[in-house]
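**Q** Handing you a structure now.
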Amino acid sequence: MSQCQSNHEPSDLKVINLSAGVVAGANLTVRQGEVLVLMGPSGCGKSCLLKGIADLIPNTGEVWLSGHEKNHLPPSQWRKQVQLVPAESRWWFPSALPHFAQPPDDAVWEKVGLSKADGSKPIGYLSTGQRQRLVLLRALQNQPKVLLLDEPTASLDDETTLRVESFLQEYIARNAIPTLWVTHNMAQAERVGSALLRFPEMVTSRLPRACGAEPESRE
Amino acid sequence: MTLIELGYVDLFIASLLIFALAGVSWWQKLALGKTLLISALRAFVQLSLVGFVLMFLFATESPYWLLLWATFMLLVAGKEVNDRQKYRLKGVYGFALSATAMFFSSFLLSVVALTLVISPSPWYQPQYAIPLLGMMLGNTMNGIAISLDRLSQGVLDQSEVIDQRLLLGERWFEAVSDIRREAARSGMIPMINGMATAGLVSLPGMMTGQILAGSSPQDAVKYQIMIFFLITAGTGFGVLTATWVSTRRLFDDRERFIPERLLDTQSGF
């Protein structure tokens, strides 16, 4: 398992002096397959940071991925690679499936605790939790190189939370995806995170996980 | 058959109806009396002045004076379209957009109609050019104003959907395609419906005027059909221009959705 490899510099995510909304001068590096957890009270910049990295709101500073700064790529292409998954689910077709270029495999539906039939139901008939998982699947169809997850399990029960966590962890590890993960739950932070970025101070600390303490131990 | 001339006494009699309506609206507390009288007065003054301007233009037959007056008409139409928006683009953009759309909907099509269809000589003969342009401006204005209004309402209502679609890697025009299509449709439908019921319910103004002035109904009908086609085409192209340009302005160079570029004319934000 190459979950903790750190020698493939090109697809690490590097944020240099990024200012967006209330965030001023953020610097951070997330290595491939690593999950940086963002915690802190609401309204202090977690979402602004994610939106800035995805280039959805006006920002200054640099974000690098695979040897490209975001301004080197057309914005739509950048956002496909650096996929922000918002906490709120938004839909524009009556059911979920038309939002997919190709419906996900049966195995994928099952892994997140959904059935293919849920994709054809009117959006309004789905629970908030079901919609949240569908938003996740919809984002993954772009085969992103970076994931920016804004409270991806906010409206899920405990059991489904663990299920979605392990689905995401497997996906992140398998595809060596640098990930930013916003949560309000310390237990979740410890389960999924390799490092913790606290807002509003923007101080990074290591989390007690395999990838954690020392760079040397990341084999 | 010749036109029966109206004297100022005749106009005064007609104006009594307006005064009567103002009285009723005051009695019924509709709070419209003042606006009604001011608007009626404006119509009287403006039309009287335009009468003089047209007399002058017809007499000189100078293309420069004609162009000057046509430009004035276009700018006023642009301002009117812009003023009707609840949410309009901030700065000079709102007016520039409206004027551009009116240019495509009316100015350009009037020139096409004058040179290729009606072909008076010279083609800019004011007697044809001015009424045609006026009719085009007046009739396409509505559709363009409606479509722009729908568009800004739509993008504000659905700003989160637009952001979501951008996040999924859609281009700016894809992310608003549904809203833009709906806006364009609602601007064009009244004209299309108008053509479908033409003649059955109401006799269009131009035809009425020509018949009153003594043209044979057959000639009047031909002109009216041409005008319908021109107005519908003008509305369509104007609406498409307006919605496209307006949408583009709502995104910046990195295709970020910037709803703050819309000004809420009611709250001032």
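Residues are referred to by chain and number: the chain letter is A, B, ... according to the order shown in the structure tokens, the number counts from 1 in that chain, and ligands are numbered separately from 1 in the order shown.
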Need the shell around Ile123 of chain A: protein/DNA/RNA residues with any atom at most 9 Å away, counting only C-alpha atoms. Skip same-chain ones fewer than 6 positions apart. Format as number ranges by chain?

**A** A: 91, 93-96, 131

**Q** Determine, counting only C-alpha atoms, which protein, DNA and RNA residues have an atom within 8 Å of an atom of Pro200 of chain A; residues of the same chain fewer than 2 positions away are not included. Present the result as a PyMOL selection string.

**A** chain A and resi 40-41+44-45+198+202

**Q** Which polymer residues have any atom within 12 Å of an atom of Ala196 of chain B, counting only C-alpha atoms, with same-chain residues fewer than 4 positions away left out, as a ChimeraX atom specification?

**A** /B:189-192,200-202,225,228-229,232

**Q** Quick one: everything within 10 Å of Ala233 of chain B, counting only C-alpha atoms, minus sequence neighbours fewer than 3 positions away in the same chain. Send it as a PyMOL selection string.

**A** chain B and resi 105-106+109+140+188+191-192+227-230+236-239

**Q** Could you write out, as a PDB file with N, CA, C and O atoms, in the first residue's frame, all the residues of segment 9-95 of chain B that DSSP marks as alpha helix (DSSP H)?

**A**
ATOM      1  N   VAL B   9     -59.255  70.771 -30.142  1.00  0.00           N
ATOM      2  CA  VAL B   9     -60.504  70.540 -29.410  1.00  0.00           C
ATOM      3  C   VAL B   9     -60.779  69.044 -29.305  1.00  0.00           C
ATOM      4  O   VAL B   9     -61.165  68.531 -28.246  1.00  0.00           O
ATOM      5  N   ASP B  10     -60.528  68.318 -30.387  1.00  0.00           N
ATOM      6  CA  ASP B  10     -60.741  66.871 -30.355  1.00  0.00           C
ATOM      7  C   ASP B  10     -59.852  66.213 -29.297  1.00  0.00           C
ATOM      8  O   ASP B  10     -60.273  65.327 -28.567  1.00  0.00           O
ATOM      9  N   LEU B  11     -58.589  66.672 -29.252  1.00  0.00           N
ATOM     10  CA  LEU B  11     -57.661  66.120 -28.262  1.00  0.00           C
ATOM     11  C   LEU B  11     -58.143  66.430 -26.850  1.00  0.00           C
ATOM     12  O   LEU B  11     -58.026  65.606 -25.946  1.00  0.00           O
ATOM     13  N   PHE B  12     -58.681  67.638 -26.698  1.00  0.00           N
ATOM     14  CA  PHE B  12     -59.166  68.027 -25.374  1.00  0.00           C
ATOM     15  C   PHE B  12     -60.297  67.095 -24.929  1.00  0.00           C
ATOM     16  O   PHE B  12     -60.331  66.633 -23.791  1.00  0.00           O
ATOM     17  N   ILE B  13     -61.188  66.785 -25.850  1.00  0.00           N
ATOM     18  CA  ILE B  13     -62.296  65.882 -25.512  1.00  0.00           C
ATOM     19  C   ILE B  13     -61.743  64.519 -25.076  1.00  0.00           C
ATOM     20  O   ILE B  13     -62.152  63.948 -24.058  1.00  0.00           O
ATOM     21  N   ALA B  14     -60.754  64.028 -25.839  1.00  0.00           N
ATOM     22  CA  ALA B  14     -60.160  62.731 -25.477  1.00  0.00           C
ATOM     23  C   ALA B  14     -59.492  62.819 -24.114  1.00  0.00           C
ATOM     24  O   ALA B  14     -59.544  61.871 -23.318  1.00  0.00           O
ATOM     25  N   SER B  15     -58.875  63.989 -23.837  1.00  0.00           N
ATOM     26  CA  SER B  15     -58.150  64.110 -22.567  1.00  0.00           C
ATOM     27  C   SER B  15     -59.108  64.115 -21.378  1.00  0.00           C
ATOM     28  O   SER B  15     -58.723  63.787 -20.254  1.00  0.00           O
ATOM     29  N   LEU B  16     -60.382  64.519 -21.619  1.00  0.00           N
ATOM     30  CA  LEU B  16     -61.352  64.489 -20.520  1.00  0.00           C
ATOM     31  C   LEU B  16     -61.467  63.090 -19.924  1.00  0.00           C
ATOM     32  O   LEU B  16     -61.673  62.916 -18.723  1.00  0.00           O
ATOM     33  N   LEU B  17     -61.318  62.087 -20.788  1.00  0.00           N
ATOM     34  CA  LEU B  17     -61.382  60.705 -20.296  1.00  0.00           C
ATOM     35  C   LEU B  17     -60.269  60.426 -19.293  1.00  0.00           C
ATOM     36  O   LEU B  17     -60.453  59.751 -18.284  1.00  0.00           O
ATOM     37  N   ILE B  18     -59.089  60.957 -19.593  1.00  0.00           N
ATOM     38  CA  ILE B  18     -57.956  60.779 -18.689  1.00  0.00           C
ATOM     39  C   ILE B  18     -58.230  61.476 -17.352  1.00  0.00           C
ATOM     40  O   ILE B  18     -57.989  60.904 -16.279  1.00  0.00           O
ATOM     41  N   PHE B  19     -58.763  62.707 -17.440  1.00  0.00           N
ATOM     42  CA  PHE B  19     -59.097  63.415 -16.196  1.00  0.00           C
ATOM     43  C   PHE B  19     -60.146  62.634 -15.403  1.00  0.00           C
ATOM     44  O   PHE B  19     -60.058  62.515 -14.181  1.00  0.00           O
ATOM     45  N   ALA B  20     -61.110  62.074 -16.118  1.00  0.00           N
ATOM     46  CA  ALA B  20     -62.151  61.291 -15.443  1.00  0.00           C
ATOM     47  C   ALA B  20     -61.528  60.097 -14.730  1.00  0.00           C
ATOM     48  O   ALA B  20     -61.838  59.809 -13.564  1.00  0.00           O
ATOM     49  N   LEU B  21     -60.610  59.415 -15.425  1.00  0.00           N
ATOM     50  CA  LEU B  21     -59.950  58.254 -14.816  1.00  0.00           C
ATOM     51  C   LEU B  21     -59.142  58.676 -13.593  1.00  0.00           C
ATOM     52  O   LEU B  21     -59.158  58.016 -12.550  1.00  0.00           O
ATOM     53  N   ALA B  22     -58.449  59.805 -13.696  1.00  0.00           N
ATOM     54  CA  ALA B  22     -57.676  60.307 -12.563  1.00  0.00           C
ATOM     55  C   ALA B  22     -58.599  60.578 -11.381  1.00  0.00           C
ATOM     56  O   ALA B  22     -58.276  60.263 -10.226  1.00  0.00           O
ATOM     57  N   GLY B  23     -59.767  61.160 -11.655  1.00  0.00           N
ATOM     58  CA  GLY B  23     -60.732  61.430 -10.593  1.00  0.00           C
ATOM     59  C   GLY B  23     -61.173  60.138  -9.920  1.00  0.00           C
ATOM     60  O   GLY B  23     -61.179  60.029  -8.686  1.00  0.00           O
ATOM     61  N   VAL B  24     -61.511  59.153 -10.722  1.00  0.00           N
ATOM     62  CA  VAL B  24     -61.950  57.864 -10.156  1.00  0.00           C
ATOM     63  C   VAL B  24     -60.832  57.237  -9.326  1.00  0.00           C
ATOM     64  O   VAL B  24     -61.058  56.713  -8.234  1.00  0.00           O
ATOM     65  N   SER B  25     -59.623  57.295  -9.849  1.00  0.00           N
ATOM     66  CA  SER B  25     -58.519  56.654  -9.131  1.00  0.00           C
ATOM     67  C   SER B  25     -58.233  57.380  -7.815  1.00  0.00           C
ATOM     68  O   SER B  25     -57.840  56.772  -6.822  1.00  0.00           O
ATOM     69  N   TRP B  26     -58.476  58.693  -7.795  1.00  0.00           N
ATOM     70  CA  TRP B  26     -58.311  59.447  -6.533  1.00  0.00           C
ATOM     71  C   TRP B  26     -59.392  59.023  -5.548  1.00  0.00           C
ATOM     72  O   TRP B  26     -59.140  58.759  -4.372  1.00  0.00           O
ATOM     73  N   TRP B  27     -60.611  58.883  -6.058  1.00  0.00           N
ATOM     74  CA  TRP B  27     -61.758  58.491  -5.226  1.00  0.00           C
ATOM     75  C   TRP B  27     -61.556  57.077  -4.679  1.00  0.00           C
ATOM     76  O   TRP B  27     -61.848  56.787  -3.529  1.00  0.00           O
ATOM     77  N   GLY B  33     -53.393  58.594  -9.591  1.00  0.00           N
ATOM     78  CA  GLY B  33     -53.847  59.798 -10.275  1.00  0.00           C
ATOM     79  C   GLY B  33     -52.706  60.670 -10.762  1.00  0.00           C
ATOM     80  O   GLY B  33     -52.669  61.079 -11.929  1.00  0.00           O
ATOM     81  N   LYS B  34     -51.743  60.926  -9.861  1.00  0.00           N
ATOM     82  CA  LYS B  34     -50.655  61.828 -10.204  1.00  0.00           C
ATOM     83  C   LYS B  34     -49.804  61.249 -11.338  1.00  0.00           C
ATOM     84  O   LYS B  34     -49.515  61.918 -12.323  1.00  0.00           O
ATOM     85  N   THR B  35     -49.423  59.959 -11.162  1.00  0.00           N
ATOM     86  CA  THR B  35     -48.619  59.311 -12.193  1.00  0.00           C
ATOM     87  C   THR B  35     -49.339  59.340 -13.534  1.00  0.00           C
ATOM     88  O   THR B  35     -48.728  59.590 -14.578  1.00  0.00           O
ATOM     89  N   LEU B  36     -50.634  59.067 -13.479  1.00  0.00           N
ATOM     90  CA  LEU B  36     -51.421  59.026 -14.711  1.00  0.00           C
ATOM     91  C   LEU B  36     -51.381  60.370 -15.428  1.00  0.00           C
ATOM     92  O   LEU B  36     -51.103  60.440 -16.634  1.00  0.00           O
ATOM     93  N   LEU B  37     -51.600  61.440 -14.672  1.00  0.00           N
ATOM     94  CA  LEU B  37     -51.624  62.767 -15.289  1.00  0.00           C
ATOM     95  C   LEU B  37     -50.252  63.144 -15.828  1.00  0.00           C
ATOM     96  O   LEU B  37     -50.131  63.686 -16.933  1.00  0.00           O
ATOM     97  N   ILE B  38     -49.218  62.842 -15.042  1.00  0.00           N
ATOM     98  CA  ILE B  38     -47.867  63.180 -15.506  1.00  0.00           C
ATOM     99  C   ILE B  38     -47.537  62.410 -16.788  1.00  0.00           C
ATOM    100  O   ILE B  38     -47.013  62.972 -17.758  1.00  0.00           O
ATOM    101  N   SER B  39     -47.875  61.129 -16.798  1.00  0.00           N
ATOM    102  CA  SER B  39     -47.586  60.320 -17.982  1.00  0.00           C
ATOM    103  C   SER B  39     -48.348  60.838 -19.190  1.00  0.00           C
ATOM    104  O   SER B  39     -47.803  60.897 -20.303  1.00  0.00           O
ATOM    105  N   ALA B  40     -49.615  61.193 -18.983  1.00  0.00           N
ATOM    106  CA  ALA B  40     -50.423  61.700 -20.092  1.00  0.00           C
ATOM    107  C   ALA B  40     -49.831  63.000 -20.627  1.00  0.00           C
ATOM    108  O   ALA B  40     -49.712  63.202 -21.843  1.00  0.00           O
ATOM    109  N   LEU B  41     -49.403  63.858 -19.685  1.00  0.00           N
ATOM    110  CA  LEU B  41     -48.794  65.124 -20.089  1.00  0.00           C
ATOM    111  C   LEU B  41     -47.509  64.871 -20.866  1.00  0.00           C
ATOM    112  O   LEU B  41     -47.229  65.493 -21.892  1.00  0.00           O
ATOM    113  N   ARG B  42     -46.710  63.917 -20.362  1.00  0.00           N
ATOM    114  CA  ARG B  42     -45.459  63.589 -21.050  1.00  0.00           C
ATOM    115  C   ARG B  42     -45.738  63.120 -22.471  1.00  0.00           C
ATOM    116  O   ARG B  42     -45.070  63.539 -23.421  1.00  0.00           O
ATOM    117  N   ALA B  43     -46.738  62.236 -22.611  1.00  0.00           N
ATOM    118  CA  ALA B  43     -47.068  61.730 -23.939  1.00  0.00           C
ATOM    119  C   ALA B  43     -47.413  62.885 -24.864  1.00  0.00           C
ATOM    120  O   ALA B  43     -46.947  62.952 -26.011  1.00  0.00           O
ATOM    121  N   PHE B  44     -48.215  63.835 -24.339  1.00  0.00           N
ATOM    122  CA  PHE B  44     -48.636  64.984 -25.154  1.00  0.00           C
ATOM    123  C   PHE B  44     -47.425  65.808 -25.578  1.00  0.00           C
ATOM    124  O   PHE B  44     -47.223  66.084 -26.768  1.00  0.00           O
ATOM    125  N   VAL B  45     -46.595  66.175 -24.598  1.00  0.00           N
ATOM    126  CA  VAL B  45     -45.448  67.038 -24.900  1.00  0.00           C
ATOM    127  C   VAL B  45     -44.450  66.334 -25.808  1.00  0.00           C
ATOM    128  O   VAL B  45     -44.019  66.870 -26.833  1.00  0.00           O
ATOM    129  N   GLN B  46     -44.089  65.103 -25.427  1.00  0.00           N
ATOM    130  CA  GLN B  46     -43.076  64.382 -26.200  1.00  0.00           C
ATOM    131  C   GLN B  46     -43.522  64.177 -27.647  1.00  0.00           C
ATOM    132  O   GLN B  46     -42.750  64.403 -28.584  1.00  0.00           O
ATOM    133  N   LEU B  47     -44.761  63.723 -27.807  1.00  0.00           N
ATOM    134  CA  LEU B  47     -45.221  63.460 -29.168  1.00  0.00           C
ATOM    135  C   LEU B  47     -45.301  64.744 -29.996  1.00  0.00           C
ATOM    136  O   LEU B  47     -44.959  64.745 -31.175  1.00  0.00           O
ATOM    137  N   SER B  48     -45.727  65.850 -29.332  1.00  0.00           N
ATOM    138  CA  SER B  48     -45.797  67.107 -30.064  1.00  0.00           C
ATOM    139  C   SER B  48     -44.411  67.525 -30.540  1.00  0.00           C
ATOM    140  O   SER B  48     -44.219  67.920 -31.696  1.00  0.00           O
ATOM    141  N   LEU B  49     -43.425  67.402 -29.626  1.00  0.00           N
ATOM    142  CA  LEU B  49     -42.061  67.765 -29.992  1.00  0.00           C
ATOM    143  C   LEU B  49     -41.544  66.871 -31.112  1.00  0.00           C
ATOM    144  O   LEU B  49     -40.928  67.335 -32.073  1.00  0.00           O
ATOM    145  N   VAL B  50     -41.814  65.560 -30.968  1.00  0.00           N
ATOM    146  CA  VAL B  50     -41.343  64.637 -32.004  1.00  0.00           C
ATOM    147  C   VAL B  50     -41.964  64.999 -33.349  1.00  0.00           C
ATOM    148  O   VAL B  50     -41.320  64.886 -34.400  1.00  0.00           O
ATOM    149  N   GLY B  51     -43.208  65.456 -33.291  1.00  0.00           N
ATOM    150  CA  GLY B  51     -43.844  65.898 -34.534  1.00  0.00           C
ATOM    151  C   GLY B  51     -43.000  66.944 -35.249  1.00  0.00           C
ATOM    152  O   GLY B  51     -42.747  66.837 -36.449  1.00  0.00           O
ATOM    153  N   PHE B  52     -42.511  67.925 -34.464  1.00  0.00           N
ATOM    154  CA  PHE B  52     -41.658  68.956 -35.057  1.00  0.00           C
ATOM    155  C   PHE B  52     -40.353  68.363 -35.580  1.00  0.00           C
ATOM    156  O   PHE B  52     -39.895  68.699 -36.668  1.00  0.00           O
ATOM    157  N   VAL B  53     -39.748  67.473 -34.765  1.00  0.00           N
ATOM    158  CA  VAL B  53     -38.475  66.871 -35.172  1.00  0.00           C
ATOM    159  C   VAL B  53     -38.658  66.121 -36.494  1.00  0.00           C
ATOM    160  O   VAL B  53     -37.851  66.242 -37.422  1.00  0.00           O
ATOM    161  N   LEU B  54     -39.738  65.365 -36.586  1.00  0.00           N
ATOM    162  CA  LEU B  54     -39.961  64.591 -37.808  1.00  0.00           C
ATOM    163  C   LEU B  54     -40.199  65.504 -39.008  1.00  0.00           C
ATOM    164  O   LEU B  54     -39.687  65.239 -40.095  1.00  0.00           O
ATOM    165  N   MET B  55     -40.951  66.592 -38.777  1.00  0.00           N
ATOM    166  CA  MET B  55     -41.152  67.550 -39.867  1.00  0.00           C
ATOM    167  C   MET B  55     -39.806  68.036 -40.378  1.00  0.00           C
ATOM    168  O   MET B  55     -39.553  68.089 -41.584  1.00  0.00           O
ATOM    169  N   PHE B  56     -38.930  68.353 -39.415  1.00  0.00           N
ATOM    170  CA  PHE B  56     -37.597  68.848 -39.772  1.00  0.00           C
ATOM    171  C   PHE B  56     -36.812  67.777 -40.540  1.00  0.00           C
ATOM    172  O   PHE B  56     -36.235  68.033 -41.595  1.00  0.00           O
ATOM    173  N   LEU B  57     -36.812  66.549 -40.007  1.00  0.00           N
ATOM    174  CA  LEU B  57     -36.041  65.476 -40.631  1.00  0.00           C
ATOM    175  C   LEU B  57     -36.557  65.183 -42.040  1.00  0.00           C
ATOM    176  O   LEU B  57     -35.781  64.973 -42.975  1.00  0.00           O
ATOM    177  N   PHE B  58     -37.880  65.172 -42.180  1.00  0.00           N
ATOM    178  CA  PHE B  58     -38.454  64.887 -43.493  1.00  0.00           C
ATOM    179  C   PHE B  58     -38.076  65.971 -44.488  1.00  0.00           C
ATOM    180  O   PHE B  58     -37.861  65.721 -45.667  1.00  0.00           O
ATOM    181  N   ALA B  59     -37.998  67.213 -43.967  1.00  0.00           N
ATOM    182  CA  ALA B  59     -37.697  68.324 -44.856  1.00  0.00           C
ATOM    183  C   ALA B  59     -36.243  68.314 -45.287  1.00  0.00           C
ATOM    184  O   ALA B  59     -35.938  68.545 -46.466  1.00  0.00           O
ATOM    185  N   THR B  60     -35.315  68.054 -44.341  1.00  0.00           N
ATOM    186  CA  THR B  60     -33.897  68.145 -44.715  1.00  0.00           C
ATOM    187  C   THR B  60     -33.431  66.917 -45.494  1.00  0.00           C
ATOM    188  O   THR B  60     -32.572  67.022 -46.356  1.00  0.00           O
ATOM    189  N   PRO B  63     -28.864  62.599 -44.060  1.00  0.00           N
ATOM    190  CA  PRO B  63     -28.571  61.358 -43.331  1.00  0.00           C
ATOM    191  C   PRO B  63     -27.932  61.618 -41.971  1.00  0.00           C
ATOM    192  O   PRO B  63     -28.068  60.805 -41.057  1.00  0.00           O
ATOM    193  N   TYR B  64     -27.233  62.762 -41.808  1.00  0.00           N
ATOM    194  CA  TYR B  64     -26.536  63.007 -40.550  1.00  0.00           C
ATOM    195  C   TYR B  64     -27.520  63.344 -39.432  1.00  0.00           C
ATOM    196  O   TYR B  64     -27.415  62.835 -38.322  1.00  0.00           O
ATOM    197  N   TRP B  65     -28.477  64.221 -39.755  1.00  0.00           N
ATOM    198  CA  TRP B  65     -29.500  64.519 -38.758  1.00  0.00           C
ATOM    199  C   TRP B  65     -30.294  63.261 -38.412  1.00  0.00           C
ATOM    200  O   TRP B  65     -30.631  63.019 -37.256  1.00  0.00           O
ATOM    201  N   LEU B  66     -30.539  62.488 -39.440  1.00  0.00           N
ATOM    202  CA  LEU B  66     -31.289  61.248 -39.231  1.00  0.00           C
ATOM    203  C   LEU B  66     -30.529  60.320 -38.278  1.00  0.00           C
ATOM    204  O   LEU B  66     -31.078  59.785 -37.320  1.00  0.00           O
ATOM    205  N   LEU B  67     -29.240  60.166 -38.552  1.00  0.00           N
ATOM    206  CA  LEU B  67     -28.420  59.289 -37.717  1.00  0.00           C
ATOM    207  C   LEU B  67     -28.390  59.791 -36.278  1.00  0.00           C
ATOM    208  O   LEU B  67     -28.473  59.024 -35.321  1.00  0.00           O
ATOM    209  N   LEU B  68     -28.283  61.114 -36.143  1.00  0.00           N
ATOM    210  CA  LEU B  68     -28.248  61.704 -34.810  1.00  0.00           C
ATOM    211  C   LEU B  68     -29.532  61.373 -34.048  1.00  0.00           C
ATOM    212  O   LEU B  68     -29.507  60.917 -32.897  1.00  0.00           O
ATOM    213  N   TRP B  69     -30.665  61.558 -34.712  1.00  0.00           N
ATOM    214  CA  TRP B  69     -31.944  61.306 -34.056  1.00  0.00           C
ATOM    215  C   TRP B  69     -32.124  59.806 -33.758  1.00  0.00           C
ATOM    216  O   TRP B  69     -32.576  59.418 -32.686  1.00  0.00           O
ATOM    217  N   ALA B  70     -31.717  58.977 -34.708  1.00  0.00           N
ATOM    218  CA  ALA B  70     -31.831  57.529 -34.515  1.00  0.00           C
ATOM    219  C   ALA B  70     -30.984  57.089 -33.324  1.00  0.00           C
ATOM    220  O   ALA B  70     -31.402  56.260 -32.512  1.00  0.00           O
ATOM    221  N   THR B  71     -29.784  57.673 -33.210  1.00  0.00           N
ATOM    222  CA  THR B  71     -28.919  57.330 -32.081  1.00  0.00           C
ATOM    223  C   THR B  71     -29.560  57.747 -30.765  1.00  0.00           C
ATOM    224  O   THR B  71     -29.534  57.001 -29.782  1.00  0.00           O
ATOM    225  N   PHE B  72     -30.164  58.937 -30.785  1.00  0.00           N
ATOM    226  CA  PHE B  72     -30.858  59.395 -29.584  1.00  0.00           C
ATOM    227  C   PHE B  72     -31.956  58.403 -29.190  1.00  0.00           C
ATOM    228  O   PHE B  72     -32.079  58.003 -28.029  1.00  0.00           O
ATOM    229  N   MET B  73     -32.750  57.978 -30.174  1.00  0.00           N
ATOM    230  CA  MET B  73     -33.823  57.009 -29.896  1.00  0.00           C
ATOM    231  C   MET B  73     -33.257  55.723 -29.293  1.00  0.00           C
ATOM    232  O   MET B  73     -33.788  55.163 -28.335  1.00  0.00           O
ATOM    233  N   LEU B  74     -32.143  55.277 -29.883  1.00  0.00           N
ATOM    234  CA  LEU B  74     -31.523  54.034 -29.413  1.00  0.00           C
ATOM    235  C   LEU B  74     -31.074  54.161 -27.964  1.00  0.00           C
ATOM    236  O   LEU B  74     -31.305  53.274 -27.136  1.00  0.00           O
ATOM    237  N   LEU B  75     -30.431  55.291 -27.632  1.00  0.00           N
ATOM    238  CA  LEU B  75     -29.922  55.465 -26.271  1.00  0.00           C
ATOM    239  C   LEU B  75     -31.068  55.537 -25.260  1.00  0.00           C
ATOM    240  O   LEU B  75     -30.976  54.969 -24.166  1.00  0.00           O
ATOM    241  N   VAL B  76     -32.145  56.231 -25.641  1.00  0.00           N
ATOM    242  CA  VAL B  76     -33.288  56.307 -24.732  1.00  0.00           C
ATOM    243  C   VAL B  76     -33.877  54.904 -24.513  1.00  0.00           C
ATOM    244  O   VAL B  76     -34.195  54.520 -23.392  1.00  0.00           O
ATOM    245  N   ALA B  77     -33.960  54.133 -25.599  1.00  0.00           N
ATOM    246  CA  ALA B  77     -34.479  52.768 -25.465  1.00  0.00           C
ATOM    247  C   ALA B  77     -33.587  51.945 -24.547  1.00  0.00           C
ATOM    248  O   ALA B  77     -34.063  51.192 -23.687  1.00  0.00           O
ATOM    249  N   GLY B  78     -32.269  52.103 -24.715  1.00  0.00           N
ATOM    250  CA  GLY B  78     -31.335  51.374 -23.859  1.00  0.00           C
ATOM    251  C   GLY B  78     -31.522  51.743 -22.399  1.00  0.00           C
ATOM    252  O   GLY B  78     -31.544  50.884 -21.518  1.00  0.00           O
ATOM    253  N   LYS B  79     -31.698  53.022 -22.138  1.00  0.00           N
ATOM    254  CA  LYS B  79     -31.896  53.478 -20.767  1.00  0.00           C
ATOM    255  C   LYS B  79     -33.199  52.913 -20.198  1.00  0.00           C
ATOM    256  O   LYS B  79     -33.252  52.473 -19.048  1.00  0.00           O
ATOM    257  N   GLU B  80     -34.230  52.921 -21.035  1.00  0.00           N
ATOM    258  CA  GLU B  80     -35.526  52.419 -20.586  1.00  0.00           C
ATOM    259  C   GLU B  80     -35.441  50.936 -20.210  1.00  0.00           C
ATOM    260  O   GLU B  80     -35.935  50.511 -19.160  1.00  0.00           O
ATOM    261  N   VAL B  81     -34.795  50.145 -21.056  1.00  0.00           N
ATOM    262  CA  VAL B  81     -34.645  48.713 -20.762  1.00  0.00           C
ATOM    263  C   VAL B  81     -33.898  48.536 -19.448  1.00  0.00           C
ATOM    264  O   VAL B  81     -34.290  47.753 -18.575  1.00  0.00           O
ATOM    265  N   ASN B  82     -32.818  49.287 -19.287  1.00  0.00           N
ATOM    266  CA  ASN B  82     -32.016  49.173 -18.079  1.00  0.00           C
ATOM    267  C   ASN B  82     -32.798  49.603 -16.836  1.00  0.00           C
ATOM    268  O   ASN B  82     -32.718  48.973 -15.782  1.00  0.00           O
ATOM    269  N   ASP B  83     -33.592  50.672 -16.981  1.00  0.00           N
ATOM    270  CA  ASP B  83     -34.343  51.183 -15.833  1.00  0.00           C
ATOM    271  C   ASP B  83     -35.422  50.220 -15.373  1.00  0.00           C
ATOM    272  O   ASP B  83     -35.847  50.259 -14.225  1.00  0.00           O
ATOM    273  N   TYR B  93     -22.178  49.135 -17.178  1.00  0.00           N
ATOM    274  CA  TYR B  93     -22.433  47.890 -17.901  1.00  0.00           C
ATOM    275  C   TYR B  93     -23.913  47.663 -18.194  1.00  0.00           C
ATOM    276  O   TYR B  93     -24.279  47.193 -19.260  1.00  0.00           O
ATOM    277  N   GLY B  94     -24.769  47.980 -17.208  1.00  0.00           N
ATOM    278  CA  GLY B  94     -26.193  47.745 -17.393  1.00  0.00           C
ATOM    279  C   GLY B  94     -26.730  48.499 -18.593  1.00  0.00           C
ATOM    280  O   GLY B  94     -27.389  47.926 -19.467  1.00  0.00           O
ATOM    281  N   PHE B  95     -26.393  49.786 -18.666  1.00  0.00           N
ATOM    282  CA  PHE B  95     -26.868  50.593 -19.779  1.00  0.00           C
ATOM    283  C   PHE B  95     -26.223  50.161 -21.091  1.00  0.00           C
ATOM    284  O   PHE B  95     -26.897  50.012 -22.111  1.00  0.00           O
TER     285      PHE B  95
END

**Q** Would you return as a list of chain:residue names the members of segment 34-133 of chain A that DSSP assigns to strand (DSSP E or B) on this structure's backbone?

**A**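 Residues meeting the strand (DSSP E or B) criterion: A:Val35, A:Leu36, A:Val37, A:Leu38, A:Met39, A:Asn59, A:Thr60, A:Gly61, A:Glu62, A:Val63, A:Trp64, A:Leu65, A:His68, A:Glu69, A:Val82, A:Gln83, A:Leu84, A:Val85, A:Ser95, A:Pro122.
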
**Q** Within 8 Å of chain B, which residues belong to chain A? Use only C-alpha atoms and report them as a ChimeraX atom specification.

**A** /A:54-58,74-80,83-86,90-92,139,142

**Q** Could you check how far atom CA of Gln32 of chain A sits from atom CA of Leu114 of chain A, in Å to one decimal?

**A**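 Atom CA of Gln32 of chain A sits 28.0 Å away from atom CA of Leu114 of chain A.
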
**Q** Could you give me, as a ChimeraX atom specification, the residues within 9 Å of Leu147 of chain A, counting only C-alpha atoms and dropping anything in the same chain fewer than 6 positions from it?

**A** /A:81-85,140,172,177-181

**Q** Take the residues from that selection and put them in a file with C-alpha atoms, as a short mmCIF file (atom, residue, chain, number, x, y, z; two decimals), in the first residue's frame.

**A**
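part.cif written:
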data_model
loop_
_atom_site.label_atom_id
_atom_site.label_comp_id
_atom_site.auth_asym_id
_atom_site.auth_seq_id
_atom_site.Cartn_x
_atom_site.Cartn_y
_atom_site.Cartn_z
CA GLN A 81 -8.81 18.18 -10.74
CA VAL A 82 -9.14 20.02 -7.46
CA GLN A 83 -12.60 18.85 -6.55
CA LEU A 84 -14.38 20.76 -3.81
CA VAL A 85 -17.33 18.86 -2.38
CA LEU A 140 -15.70 11.53 -7.77
CA ILE A 172 -7.84 8.58 -1.15
CA ILE A 177 -5.04 11.99 -3.39
CA PRO A 178 -4.01 14.92 -1.23
CA THR A 179 -7.13 15.77 0.77
CA LEU A 180 -8.44 18.60 2.92
CA TRP A 181 -11.26 17.46 5.18
#
